[in-house]
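The data block below is final17.txt; it holds compact mmCIF, C-alpha atoms.
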# COMPACT_ATOMS: atom_id res chain seq x y z
CA MET A 1 49.81 14.25 -1.80
CA ALA A 2 53.23 14.73 -0.25
CA ALA A 3 56.11 15.58 -2.58
CA PRO A 4 58.30 12.66 -3.74
CA LEU A 5 61.14 11.79 -1.36
CA SER A 6 64.77 12.12 -2.41
CA SER A 7 67.23 9.27 -1.76
CA GLN A 8 68.54 10.92 1.44
CA GLN A 9 65.01 11.57 2.63
CA GLU A 10 64.11 7.93 2.01
CA ILE A 11 67.01 6.78 4.22
CA ALA A 12 65.95 9.22 6.90
CA SER A 13 62.40 7.99 6.61
CA VAL A 14 63.47 4.39 7.20
CA GLU A 15 65.39 5.44 10.29
CA ALA A 16 62.38 7.37 11.55
CA VAL A 17 60.53 4.11 12.20
CA PRO A 18 62.03 1.84 14.91
CA MET A 19 64.28 -0.53 12.97
CA GLN A 20 64.60 -3.03 15.81
CA GLN A 21 60.84 -3.57 15.69
CA MET A 22 61.08 -4.25 11.96
CA ILE A 23 64.00 -6.69 12.31
CA GLU A 24 62.12 -8.62 14.99
CA PHE A 25 59.03 -8.47 12.80
CA ASP A 26 60.94 -10.04 9.90
CA ARG A 27 62.53 -12.81 11.97
CA ALA A 28 59.74 -13.78 14.31
CA ASN A 29 56.66 -13.25 12.18
CA ARG A 30 57.81 -14.27 8.72
CA PRO A 31 55.39 -16.82 7.17
CA GLY A 32 56.41 -20.44 7.55
CA ARG A 33 58.54 -21.82 4.74
CA VAL A 34 56.28 -24.85 4.42
CA GLN A 35 53.21 -22.69 3.79
CA LEU A 36 55.06 -20.50 1.31
CA PHE A 37 56.40 -23.58 -0.51
CA PHE A 38 52.99 -25.17 -0.97
CA GLY A 39 51.55 -21.81 -2.03
CA SER A 40 53.99 -21.60 -4.96
CA LEU A 41 52.49 -22.42 -8.36
CA ARG A 42 55.74 -24.09 -9.47
CA ALA A 43 55.81 -26.26 -6.36
CA GLN A 44 52.18 -27.24 -6.84
CA ALA A 45 52.81 -28.17 -10.48
CA ALA A 46 55.94 -30.17 -9.62
CA LEU A 47 54.24 -32.06 -6.78
CA CYS A 48 51.18 -32.90 -8.87
CA LEU A 49 53.32 -34.12 -11.75
CA LEU A 50 55.57 -36.18 -9.49
CA PHE A 51 53.04 -37.75 -7.10
CA GLY A 52 49.98 -37.44 -9.31
CA VAL A 53 51.40 -38.60 -12.66
CA ALA A 54 54.99 -39.91 -12.67
CA ILE A 55 54.85 -42.23 -9.67
CA PRO A 56 51.38 -43.67 -10.49
CA VAL A 57 52.51 -44.33 -14.08
CA LEU A 58 55.60 -46.18 -12.85
CA ILE A 59 53.55 -48.19 -10.38
CA TYR A 60 50.97 -49.01 -13.06
CA PHE A 61 53.67 -50.39 -15.36
CA ARG A 62 55.65 -51.90 -12.46
CA GLY A 63 58.62 -49.65 -13.05
CA ASP A 64 59.27 -50.91 -16.57
CA VAL A 65 60.50 -47.65 -18.11
CA GLY A 66 61.60 -49.41 -21.28
CA PHE A 67 58.09 -50.75 -21.90
CA ILE A 68 56.59 -47.31 -21.32
CA ALA A 69 58.95 -45.77 -23.88
CA ARG A 70 58.11 -48.43 -26.50
CA ASN A 71 54.33 -48.47 -25.97
CA ALA A 72 52.46 -45.75 -27.88
CA SER A 73 49.42 -46.02 -25.60
CA ALA A 74 51.56 -45.55 -22.49
CA VAL A 75 53.42 -42.57 -23.96
CA ASN A 76 50.24 -40.84 -25.13
CA SER A 77 48.46 -41.43 -21.84
CA THR A 78 51.41 -40.11 -19.81
CA LEU A 79 51.70 -36.98 -21.95
CA VAL A 80 47.94 -36.36 -21.81
CA ALA A 81 47.96 -36.82 -18.03
CA ALA A 82 50.88 -34.41 -17.63
CA VAL A 83 49.31 -31.70 -19.80
CA ALA A 84 45.88 -32.08 -18.18
CA THR A 85 47.40 -32.01 -14.69
CA LEU A 86 49.41 -28.85 -15.40
CA SER A 87 46.32 -27.22 -16.89
CA GLY A 88 44.29 -28.21 -13.83
CA VAL A 89 46.85 -26.70 -11.44
CA VAL A 90 46.85 -23.41 -13.36
CA ALA A 91 43.04 -23.40 -13.62
CA VAL A 92 42.59 -23.85 -9.87
CA ARG A 93 44.98 -20.95 -9.22
CA LYS A 94 43.07 -18.75 -11.68
CA PHE A 95 39.69 -19.61 -10.13
CA GLY A 96 40.97 -18.74 -6.66
CA ILE A 97 41.63 -15.09 -7.48
CA PHE A 98 37.94 -14.21 -7.70
CA PRO A 99 36.00 -13.09 -4.61
CA GLY A 100 33.66 -15.53 -2.95
CA THR A 101 35.53 -18.55 -4.29
CA ILE A 102 36.92 -21.34 -2.14
CA THR A 103 39.89 -22.79 -3.98
CA ALA A 104 39.31 -26.36 -2.80
CA SER A 105 35.78 -26.36 -4.21
CA TYR A 106 37.13 -25.86 -7.74
CA ILE A 107 39.82 -28.55 -7.70
CA PHE A 108 37.65 -31.46 -8.82
CA PRO A 109 35.69 -29.61 -11.56
CA ALA A 110 38.86 -27.92 -12.85
CA PHE A 111 40.81 -31.18 -13.11
CA ALA A 112 37.78 -33.00 -14.54
CA ALA A 113 37.34 -30.35 -17.23
CA CYS A 114 41.04 -30.35 -18.16
CA TYR A 115 41.21 -34.14 -18.36
CA SER A 116 37.99 -34.23 -20.42
CA VAL A 117 39.36 -31.74 -22.95
CA ALA A 118 42.70 -33.58 -23.16
CA VAL A 119 41.01 -36.95 -23.71
CA SER A 120 38.71 -35.42 -26.35
CA VAL A 121 41.75 -34.21 -28.28
CA VAL A 122 43.26 -37.72 -28.21
CA LEU A 123 39.97 -39.24 -29.39
CA LEU A 124 39.69 -36.76 -32.25
CA ALA A 125 43.28 -37.53 -33.24
CA ARG A 126 42.46 -41.27 -33.05
CA GLU A 127 45.62 -41.96 -31.11
CA PRO A 128 45.89 -44.98 -28.77
CA TYR A 129 45.56 -44.34 -25.04
CA SER A 130 44.85 -46.15 -21.77
CA GLY A 131 41.57 -45.19 -20.12
CA ALA A 132 42.52 -47.00 -16.93
CA LEU A 133 45.83 -45.12 -16.66
CA LEU A 134 44.20 -41.74 -17.29
CA THR A 135 41.55 -42.50 -14.68
CA LEU A 136 44.29 -43.42 -12.20
CA THR A 137 46.33 -40.26 -12.82
CA PHE A 138 43.20 -38.10 -12.69
CA LEU A 139 42.35 -39.46 -9.25
CA THR A 140 45.91 -39.24 -7.90
CA ALA A 141 46.62 -35.75 -9.31
CA THR A 142 43.32 -34.46 -7.92
CA ALA A 143 44.08 -36.01 -4.53
CA VAL A 144 47.55 -34.43 -4.49
CA ARG A 145 46.08 -31.00 -5.26
CA PHE A 146 43.55 -31.42 -2.44
CA ALA A 147 46.42 -32.28 -0.08
CA ILE A 148 48.32 -29.19 -1.20
CA SER A 149 45.21 -27.09 -0.57
CA ALA A 150 45.28 -28.19 3.07
CA LEU A 151 48.92 -27.16 3.44
CA GLU A 152 49.27 -24.01 1.35
CA ARG A 153 49.18 -20.59 2.88
CA ARG A 154 45.74 -18.99 2.81
CA ASP A 155 45.60 -15.64 1.03
CA ASP A 156 42.93 -14.47 3.45
CA ALA A 157 45.00 -15.34 6.52
CA GLY A 158 46.28 -11.79 6.85
CA ARG A 159 44.64 -9.14 9.00
CA TYR A 160 43.62 -5.75 7.70
CA TYR A 161 45.12 -2.66 9.29
CA LEU A 162 43.24 0.50 8.41
CA VAL A 163 44.90 3.89 8.20
CA PRO A 164 42.56 6.71 9.26
CA GLY A 165 41.80 9.47 6.80
CA GLY A 166 39.78 10.12 3.71
CA ASP A 167 36.97 7.68 2.89
CA ILE A 168 38.44 4.65 4.67
CA ASP A 169 35.31 4.28 6.83
CA ARG A 170 33.28 3.45 3.70
CA LEU A 171 35.06 0.10 3.53
CA LEU A 172 33.53 -1.51 6.61
CA PRO A 173 29.71 -1.46 6.18
CA ASP A 174 29.67 -3.61 3.02
CA VAL A 175 32.73 -5.76 3.68
CA GLY A 176 32.72 -6.32 7.45
CA LEU A 177 36.45 -7.03 7.63
CA VAL A 178 38.21 -8.19 10.77
CA SER A 179 40.43 -5.16 11.04
CA THR A 180 42.51 -3.00 13.35
CA THR A 181 42.80 0.77 13.05
CA LEU A 182 46.34 2.12 13.18
CA HIS A 183 46.18 5.27 15.28
CA THR A 184 49.91 6.06 15.04
CA PRO A 185 52.22 5.82 11.99
CA MET A 186 53.96 2.55 12.92
CA LEU A 187 54.30 -0.78 11.12
CA PRO A 188 52.16 -3.56 12.60
CA ALA A 189 54.23 -6.47 13.97
CA ASP A 190 52.31 -8.97 11.87
CA ALA A 191 53.83 -10.87 8.95
CA ASP A 192 50.42 -11.23 7.30
CA ALA A 193 49.47 -7.58 7.74
CA VAL A 194 47.56 -5.90 4.92
CA ILE A 195 47.62 -2.11 5.22
CA VAL A 196 44.57 -0.41 3.76
CA ALA A 197 44.26 3.33 3.25
CA ASP A 198 42.51 5.91 1.14
CA LEU A 199 45.57 6.55 -1.02
CA HIS A 200 43.86 9.54 -2.64
CA HIS A 201 43.83 11.27 0.75
CA ASP A 202 46.61 13.70 1.63
CA HIS A 203 48.27 11.67 4.40
CA THR A 204 50.99 13.09 6.61
CA ALA A 205 54.66 12.58 5.77
CA GLU A 206 54.95 10.04 8.61
CA TRP A 207 52.21 7.86 7.09
CA GLU A 208 53.80 8.17 3.64
CA ARG A 209 57.05 6.83 5.13
CA VAL A 210 55.22 3.91 6.70
CA PHE A 211 53.65 3.02 3.34
CA ALA A 212 57.09 3.04 1.67
CA ILE A 213 58.71 0.93 4.40
CA ALA A 214 55.83 -1.55 4.40
CA ALA A 215 56.30 -2.06 0.65
CA LEU A 216 60.04 -2.57 1.15
CA HIS A 217 59.29 -5.34 3.66
CA GLY A 218 56.82 -7.10 1.41
CA LEU A 219 53.64 -5.97 3.14
CA GLY A 220 50.67 -5.11 0.97
CA VAL A 221 49.51 -1.50 0.93
CA TYR A 222 46.19 -1.13 -0.86
CA HIS A 223 43.72 1.56 -1.75
CA TYR A 224 40.49 0.84 0.11
CA LYS A 225 38.51 0.46 -3.12
CA GLN A 226 40.79 -2.37 -4.24
CA VAL A 227 40.10 -4.26 -1.02
CA TRP A 228 36.37 -3.57 -1.25
CA GLU A 229 36.35 -4.94 -4.80
CA ALA A 230 38.39 -8.04 -3.93
CA GLN A 231 36.18 -8.87 -0.95
CA THR A 232 32.78 -8.28 -2.53
CA GLY A 233 33.19 -9.03 -6.24
CA LYS A 234 31.82 -5.58 -7.08
CA VAL A 235 33.27 -2.25 -8.15
CA HIS A 236 32.37 1.22 -6.91
CA ILE A 237 30.26 3.07 -9.47
CA GLU A 238 29.72 6.58 -8.11
CA HIS A 239 31.41 7.84 -11.27
CA LEU A 240 32.37 5.81 -14.31
CA SER A 241 35.90 7.23 -14.19
CA GLU A 242 36.40 5.83 -10.67
CA ASN A 243 36.17 2.23 -11.75
CA SER A 244 39.83 1.97 -12.81
CA PHE A 245 38.91 0.16 -16.00
CA GLY A 246 41.79 1.68 -17.95
CA SER A 247 40.29 1.43 -21.40
CA LEU A 248 36.51 1.27 -21.13
CA LEU A 249 36.47 -1.47 -23.79
CA PRO A 250 36.88 -5.01 -22.42
CA SER A 251 39.23 -7.53 -24.06
CA ASN A 252 38.28 -7.57 -27.73
CA SER A 253 40.32 -10.72 -28.47
CA TYR A 254 38.53 -12.73 -25.80
CA ALA A 255 35.17 -11.34 -26.96
CA LYS A 256 35.78 -12.88 -30.40
CA VAL A 257 36.84 -16.22 -28.92
CA LYS A 258 33.85 -16.19 -26.61
CA ARG A 259 31.48 -15.55 -29.50
CA LEU A 260 32.92 -18.56 -31.35
CA ILE A 261 32.52 -20.73 -28.23
CA ASP A 262 28.92 -19.53 -27.86
CA ILE A 263 28.08 -20.60 -31.41
CA LEU A 264 29.83 -23.98 -31.24
CA PHE A 265 28.41 -24.84 -27.83
CA SER A 266 24.89 -23.81 -28.88
CA LEU A 267 25.05 -25.99 -31.99
CA ALA A 268 26.32 -28.88 -29.87
CA VAL A 269 23.60 -28.69 -27.19
CA ILE A 270 20.56 -28.04 -29.41
CA PRO A 271 20.24 -31.74 -30.40
CA ILE A 272 20.51 -32.68 -26.71
CA LEU A 273 17.90 -30.09 -25.67
CA ILE A 274 15.27 -31.02 -28.27
CA VAL A 275 13.55 -33.62 -26.08
CA PRO A 276 13.57 -31.55 -22.82
CA LEU A 277 12.33 -28.50 -24.74
CA ALA A 278 9.51 -30.51 -26.33
CA VAL A 279 8.44 -31.97 -22.97
CA ALA A 280 8.46 -28.54 -21.33
CA ALA A 281 6.39 -27.11 -24.20
CA LEU A 282 3.74 -29.83 -23.82
CA VAL A 283 3.52 -29.37 -20.05
CA ILE A 284 3.09 -25.59 -20.44
CA ARG A 285 0.39 -26.11 -23.08
CA PHE A 286 -1.70 -28.34 -20.78
CA ASP A 287 -1.01 -26.38 -17.58
CA SER A 288 -2.61 -23.02 -18.45
CA PRO A 289 -4.11 -21.25 -21.47
CA GLY A 290 -1.81 -19.12 -23.52
CA PRO A 291 1.25 -19.37 -25.77
CA ILE A 292 4.12 -21.75 -25.00
CA PHE A 293 6.80 -19.12 -25.39
CA PHE A 294 7.13 -15.71 -23.80
CA ARG A 295 8.68 -12.93 -25.84
CA GLN A 296 9.74 -9.60 -24.40
CA ASP A 297 11.66 -6.63 -25.74
CA ARG A 298 14.91 -6.23 -23.85
CA ILE A 299 17.97 -4.04 -24.20
CA GLY A 300 21.08 -5.95 -25.18
CA TYR A 301 24.54 -5.64 -26.71
CA ARG A 302 25.56 -2.04 -27.39
CA GLY A 303 22.15 -0.80 -26.30
CA LYS A 304 20.18 -2.45 -29.11
CA ALA A 305 16.69 -3.79 -28.40
CA PHE A 306 15.89 -7.42 -29.17
CA SER A 307 13.13 -9.93 -28.44
CA VAL A 308 14.19 -12.44 -25.78
CA LEU A 309 12.69 -15.94 -26.00
CA LYS A 310 11.67 -17.85 -22.87
CA PHE A 311 9.16 -20.49 -21.86
CA ARG A 312 6.02 -18.84 -20.49
CA THR A 313 5.88 -19.18 -16.70
CA MET A 314 3.05 -16.72 -15.91
CA ARG A 315 -0.65 -16.51 -16.61
CA VAL A 316 -1.55 -14.38 -19.59
CA ALA A 317 -2.75 -10.91 -18.57
CA ALA A 318 -4.02 -7.89 -20.48
CA PRO A 319 -1.10 -5.85 -21.87
CA ALA A 320 -0.20 -2.76 -19.85
CA THR A 321 -0.27 0.52 -21.74
CA GLU A 322 0.63 3.23 -19.21
CA GLY A 323 4.25 3.85 -18.21
CA VAL A 324 3.79 2.96 -14.53
CA ASP A 325 1.74 -0.12 -15.41
CA ARG A 326 4.35 -1.28 -17.92
CA LEU A 327 7.09 -0.84 -15.32
CA HIS A 328 5.12 -2.75 -12.68
CA ALA A 329 4.29 -5.55 -15.13
CA ALA A 330 7.96 -5.94 -16.04
CA ILE A 331 9.00 -6.52 -12.42
CA THR A 332 8.69 -10.03 -11.01
CA GLN A 333 7.89 -9.80 -7.30
CA ASP A 334 8.57 -12.31 -4.54
CA ASP A 335 5.90 -15.06 -4.67
CA ASP A 336 4.36 -13.35 -7.70
CA VAL A 337 0.75 -14.57 -8.00
CA ARG A 338 1.01 -14.54 -11.79
CA ILE A 339 3.47 -17.46 -11.80
CA THR A 340 1.89 -20.85 -12.56
CA LYS A 341 2.75 -24.06 -10.70
CA VAL A 342 4.67 -25.40 -13.67
CA GLY A 343 6.22 -21.98 -14.18
CA ARG A 344 7.57 -21.95 -10.64
CA PHE A 345 9.38 -25.23 -11.31
CA LEU A 346 10.71 -23.99 -14.64
CA ARG A 347 12.04 -20.84 -12.98
CA LYS A 348 13.61 -22.72 -10.08
CA THR A 349 15.46 -25.08 -12.43
CA ARG A 350 16.17 -22.32 -15.01
CA ILE A 351 14.59 -24.47 -17.73
CA ASP A 352 12.53 -21.43 -18.76
CA GLU A 353 15.77 -19.79 -19.98
CA LEU A 354 16.80 -22.60 -22.36
CA PRO A 355 15.02 -21.27 -25.48
CA GLN A 356 17.44 -18.34 -25.34
CA VAL A 357 19.94 -20.61 -27.06
CA PHE A 358 18.37 -19.25 -30.26
CA ASN A 359 19.04 -15.67 -29.08
CA ILE A 360 22.67 -16.75 -28.65
CA LEU A 361 22.88 -18.12 -32.19
CA ARG A 362 21.47 -14.83 -33.52
CA GLY A 363 24.25 -12.95 -31.74
CA GLU A 364 21.89 -11.13 -29.37
CA MET A 365 23.07 -12.94 -26.24
CA SER A 366 25.86 -15.06 -24.79
CA TRP A 367 25.75 -18.00 -22.39
CA ILE A 368 27.44 -15.84 -19.75
CA GLY A 369 27.08 -12.09 -19.22
CA PRO A 370 24.92 -9.47 -17.48
CA ARG A 371 21.21 -10.34 -17.67
CA PRO A 372 19.28 -8.27 -20.26
CA GLU A 373 16.61 -6.09 -18.69
CA ALA A 374 13.09 -5.48 -20.00
CA GLN A 375 12.89 -2.26 -21.98
CA PRO A 376 10.68 -0.39 -19.43
CA LEU A 377 13.02 -1.38 -16.59
CA SER A 378 16.09 -0.43 -18.60
CA GLU A 379 14.61 3.01 -19.36
CA TRP A 380 13.82 3.47 -15.67
CA TYR A 381 17.35 2.46 -14.60
CA GLU A 382 18.87 4.80 -17.18
CA SER A 383 16.89 7.72 -15.76
CA GLU A 384 18.16 6.91 -12.25
CA ILE A 385 21.77 5.90 -13.02
CA PRO A 386 23.61 8.09 -15.57
CA PHE A 387 26.09 5.44 -16.75
CA TYR A 388 23.74 2.46 -16.61
CA LEU A 389 24.17 2.04 -20.38
CA TYR A 390 27.79 0.97 -19.87
CA ARG A 391 26.66 -2.52 -18.82
CA HIS A 392 25.67 -3.08 -22.47
CA ILE A 393 29.34 -3.03 -23.52
CA VAL A 394 29.30 -6.86 -23.50
CA ARG A 395 26.62 -9.28 -24.70
CA PRO A 396 23.98 -10.11 -22.09
CA GLY A 397 23.89 -13.68 -20.87
CA ILE A 398 21.64 -16.45 -19.66
CA THR A 399 23.65 -16.48 -16.43
CA GLY A 400 26.12 -13.98 -15.02
CA TRP A 401 28.26 -12.80 -12.10
CA ALA A 402 25.37 -10.90 -10.52
CA GLN A 403 23.01 -13.87 -10.84
CA VAL A 404 25.30 -16.35 -9.07
CA ASN A 405 26.15 -13.87 -6.29
CA GLN A 406 22.91 -11.95 -5.82
CA GLY A 407 20.00 -13.57 -7.65
CA HIS A 408 16.94 -11.77 -9.02
CA VAL A 409 16.51 -8.06 -8.16
CA ALA A 410 13.86 -5.43 -8.80
CA GLY A 411 14.24 -2.40 -6.48
CA ILE A 412 16.48 0.50 -7.49
CA SER A 413 18.73 0.00 -4.43
CA GLU A 414 19.25 -3.64 -5.43
CA VAL A 415 19.93 -2.56 -9.00
CA HIS A 416 22.81 -0.38 -7.78
CA ASP A 417 24.27 -3.48 -6.14
CA LYS A 418 23.66 -5.55 -9.25
CA LEU A 419 25.48 -2.98 -11.35
CA ARG A 420 28.49 -3.27 -9.07
CA PHE A 421 28.58 -7.00 -9.85
CA ASP A 422 28.04 -6.37 -13.57
CA PHE A 423 30.86 -3.83 -13.71
CA TYR A 424 33.15 -6.24 -11.85
CA TYR A 425 32.42 -8.79 -14.58
CA ILE A 426 33.19 -6.28 -17.32
CA LYS A 427 36.40 -5.16 -15.63
CA ASN A 428 37.58 -8.77 -15.18
CA PHE A 429 36.17 -10.02 -18.48
CA SER A 430 38.03 -13.29 -19.07
CA MET A 431 37.70 -17.01 -19.67
CA TRP A 432 38.58 -17.74 -16.04
CA LEU A 433 35.77 -15.63 -14.64
CA ASP A 434 33.34 -17.20 -17.11
CA LEU A 435 34.35 -20.67 -15.92
CA VAL A 436 33.87 -19.62 -12.28
CA ILE A 437 30.38 -18.37 -13.18
CA LEU A 438 29.68 -21.63 -14.99
CA PHE A 439 30.57 -23.72 -11.92
CA LYS A 440 28.65 -21.40 -9.59
CA THR A 441 25.61 -21.58 -11.89
CA ALA A 442 25.61 -25.37 -11.59
CA VAL A 443 25.51 -25.00 -7.79
CA VAL A 444 22.71 -22.41 -7.98
CA VAL A 445 20.61 -24.65 -10.25
CA VAL A 446 21.07 -27.68 -7.96
CA ARG A 447 20.08 -25.63 -4.92
CA GLY A 448 17.28 -23.83 -6.74
CA SER A 449 18.28 -20.53 -5.14
CA GLY A 450 17.94 -17.00 -6.48
CA ALA A 451 14.80 -17.56 -8.56
CA LYS A 452 11.57 -15.56 -8.38
Taking this structure as input, can you express it in the form of structure tokens?
Amino acid sequence: MAAPLSSQQEIASVEAVPMQQMIEFDRANRPGRVQLFFGSLRAQAALCLLFGVAIPVLIYFRGDVGFIARNASAVNSTLVAAVATLSGVVAVRKFGIFPGTITASYIFPAFAACYSVAVSVVLLAREPYSGALLTLTFLTATAVRFAISALERRDDAGRYYLVPGGDIDRLLPDVGLVSTTLHTPMLPADADAVIVADLHHDHTAEWERVFAIAALHGLGVYHYKQVWEAQTGKVHIEHLSENSFGSLLPSNSYAKVKRLIDILFSLAVIPILIVPLAVAALVIRFDSPGPIFFRQDRIGYRGKAFSVLKFRTMRVAAPATEGVDRLHAAITQDDDVRITKVGRFLRKTRIDELPQVFNILRGEMSWIGPRPEAQPLSEWYESEIPFYLYRHIVRPGITGWAQVNQGHVAGISEVHDKLRFDFYYIKNFSMWLDLVILFKTAVVVVRGSGAK
């Protein structure tokens, strides 16, 4: 890399690029104030509170502020609506940072979830509230956020300008960006320009100056791997050290909170699932000979083997003993002839995975995380991919980032791609990503996509 510039060199560098072009660029191509305003989180929160909560509350009570202040139900409902609305605005913003997400598609579920939690707290506290008022504010706040979504500046509106050199060409095959290659070291006259380069490459001094000036003018300058990750939801995994994880351990505090949520949610849904589980068990029993449940040794949290529990969806076959046979038996192929008619339905709806709630209670799995692989497959992947074991740093899940983006895989080339998704999940391990996966899983189940 070029040596750091001194203060005098920095001034000379700025003068080396046509300043008139940059002044015109700032004046003529600056993003519209309206778009920037609606893209601000503070503005979104203020607008949703004003038009989604305050005004509807006043209209509901016909402008009688004194009555609102004296009525406990009105006060509680207004406070709950305000907190739920603010939480919904923040949640939508958090969901939108993940690749493959369309912000508008998460507005309704995010606001619905926040209002549901807020109302549950009021019910548990046994405080008075107005269901009609909360319904009204939920609808108006959600509508306001949808309107803002139509007016706010799109983060993907910018164009990508690629700087030649290094491994920049590796970006295009997987991402397919609409991009322009900068053949000379000049700033693009585009207010939404995103400059992408292999920042590990030894660029010329002229290109280094352009990078510095672009940053001074508020233009993004990104390493190509960052853009690849943001566009695909994967991380590069040629070497474990290249993944920019910082510490290789994901957030330990969230891991503890997530484990508590797993336990509480599992205990809450087991009574609800008893009837569906019993019906599924009876149907499997009458559909084909064999046990109701399917057990298989899989590799899970911190590389420990455990027995996963699922509903049986295949015909019973003689156990494979040889290594190759065991590997082949562990792989579910497209239109696998071993799958029964009932089993195909169970797989498509993911009902076959529900017994794994007991694996979750035992601490072997989580609701959300990388899928656990069968032991023969895991051993095969480990022999092909040196750092495959790293995916076991978090608990495996019933659904995960790879499942909602890629679906079922079997071939080694697909496994490489799956690992990129898994490592993205580990790198961005958080409640927000788990909620995105939860919403995407609901869409996958409704569509019945990604199953084998």
**Study point:** Selection: 8 Å around range 357-359 of chain A, only C-alpha atoms, excl. self and same-chain fewer than 3 positions, as a list in words
**Key:** Ser266, Ile270, Val308, Leu309, Leu354, Arg362, Gly363, Glu364, Met365 and Trp367 of chain A
**Study point:** Separation of CA of Asp169 in chain A from CA of Val196 in chain A, in Å and rounded to one decimal
**Key:**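 Interatomic distance, CA of Asp169 in chain A to CA of Val196 in chain A: 10.8 Å.
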Exercise for review: Quick one: pull the distance between CA of Ser383 in chain A and CA of Thr232 in chain A, Å, one decimal.
Suggested key: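 CA of Ser383 in chain A sits 26.1 Å away from CA of Thr232 in chain A.
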Review point. Could you work out how far CA of Ile148 in chain A lies from CA of Asp190 in chain A, giving the answer in Å with one decimal?
Key: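 Spanning CA of Asp190 in chain A to CA of Ile148 in chain A is a straight-line distance of 24.4 Å.
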Compile the contact shell of Leu346 in chain A as a PDB file with C-alpha atoms, keeping the file's coordinate frame: residues with an atom at most 10 Å away, counting only C-alpha atoms, same-chain residues fewer than 3 positions apart removed.
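out_18.pdb written:
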ATOM      1  CA  ALA A 280       8.460 -28.540 -21.330  1.00  0.00           C
ATOM      2  CA  ILE A 284       3.090 -25.590 -20.440  1.00  0.00           C
ATOM      3  CA  PHE A 311       9.160 -20.490 -21.860  1.00  0.00           C
ATOM      4  CA  ARG A 312       6.020 -18.840 -20.490  1.00  0.00           C
ATOM      5  CA  THR A 313       5.880 -19.180 -16.700  1.00  0.00           C
ATOM      6  CA  THR A 340       1.890 -20.850 -12.560  1.00  0.00           C
ATOM      7  CA  LYS A 341       2.750 -24.060 -10.700  1.00  0.00           C
ATOM      8  CA  VAL A 342       4.670 -25.400 -13.670  1.00  0.00           C
ATOM      9  CA  GLY A 343       6.220 -21.980 -14.180  1.00  0.00           C
ATOM     10  CA  THR A 349      15.460 -25.080 -12.430  1.00  0.00           C
ATOM     11  CA  ARG A 350      16.170 -22.320 -15.010  1.00  0.00           C
ATOM     12  CA  ILE A 351      14.590 -24.470 -17.730  1.00  0.00           C
ATOM     13  CA  ASP A 352      12.530 -21.430 -18.760  1.00  0.00           C
ATOM     14  CA  GLU A 353      15.770 -19.790 -19.980  1.00  0.00           C
ATOM     15  CA  LEU A 354      16.800 -22.600 -22.360  1.00  0.00           C
ATOM     16  CA  ALA A 451      14.800 -17.560  -8.560  1.00  0.00           C
TER      17      ALA A 451
END
**Study point:** Minimum-distance residue to Glu382 in chain A, chosen among A:Arg70, A:His223, A:Arg42, A:His416 (using all atoms listed in the file)
**Key:** A:His416
Review point. From the set A:Val163, A:Ala305, A:Leu277, A:Ile360, which residue has the shortest atom-to-atom contact distance to Ile261 in chain A, counting all atoms listed in the file?
Key: A:Ile360
Review point. A:Asp422, A:Trp380, A:Ala43, A:Phe429: which is nearest Gly233 in chain A, counting all atoms listed in the file?
Key: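 Among A:Asp422, A:Trp380, A:Ala43, A:Phe429, it is A:Asp422 that comes nearest to Gly233 in chain A.
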Using the incomplete input, complete range 275-284 of chain A to the level of N, CA and C atoms; output as a short mmCIF file (atom, residue, chain, number, x, y, z; two decimals), keeping the file's coordinate frame.
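What follows is the written file out-v4.cif:
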data_model
loop_
_atom_site.label_atom_id
_atom_site.label_comp_id
_atom_site.auth_asym_id
_atom_site.auth_seq_id
_atom_site.Cartn_x
_atom_site.Cartn_y
_atom_site.Cartn_z
N VAL A 275 14.55 -32.87 -26.86
CA VAL A 275 13.55 -33.62 -26.08
C VAL A 275 13.10 -32.85 -24.84
N PRO A 276 14.02 -32.34 -23.98
CA PRO A 276 13.57 -31.55 -22.82
C PRO A 276 12.73 -30.34 -23.21
N LEU A 277 13.09 -29.67 -24.31
CA LEU A 277 12.33 -28.50 -24.74
C LEU A 277 10.92 -28.92 -25.17
N ALA A 278 10.82 -30.03 -25.87
CA ALA A 278 9.51 -30.51 -26.33
C ALA A 278 8.62 -30.90 -25.15
N VAL A 279 9.20 -31.58 -24.16
CA VAL A 279 8.44 -31.97 -22.97
C VAL A 279 7.96 -30.74 -22.21
N ALA A 280 8.84 -29.77 -22.02
CA ALA A 280 8.46 -28.54 -21.33
C ALA A 280 7.34 -27.81 -22.08
N ALA A 281 7.42 -27.78 -23.40
CA ALA A 281 6.39 -27.11 -24.20
C ALA A 281 5.03 -27.77 -24.02
N LEU A 282 5.00 -29.11 -24.00
CA LEU A 282 3.74 -29.83 -23.82
C LEU A 282 3.14 -29.59 -22.44
N VAL A 283 3.99 -29.59 -21.42
CA VAL A 283 3.52 -29.37 -20.05
C VAL A 283 2.92 -27.97 -19.91
N ILE A 284 3.59 -26.97 -20.50
CA ILE A 284 3.09 -25.59 -20.44
C ILE A 284 1.74 -25.48 -21.16
#
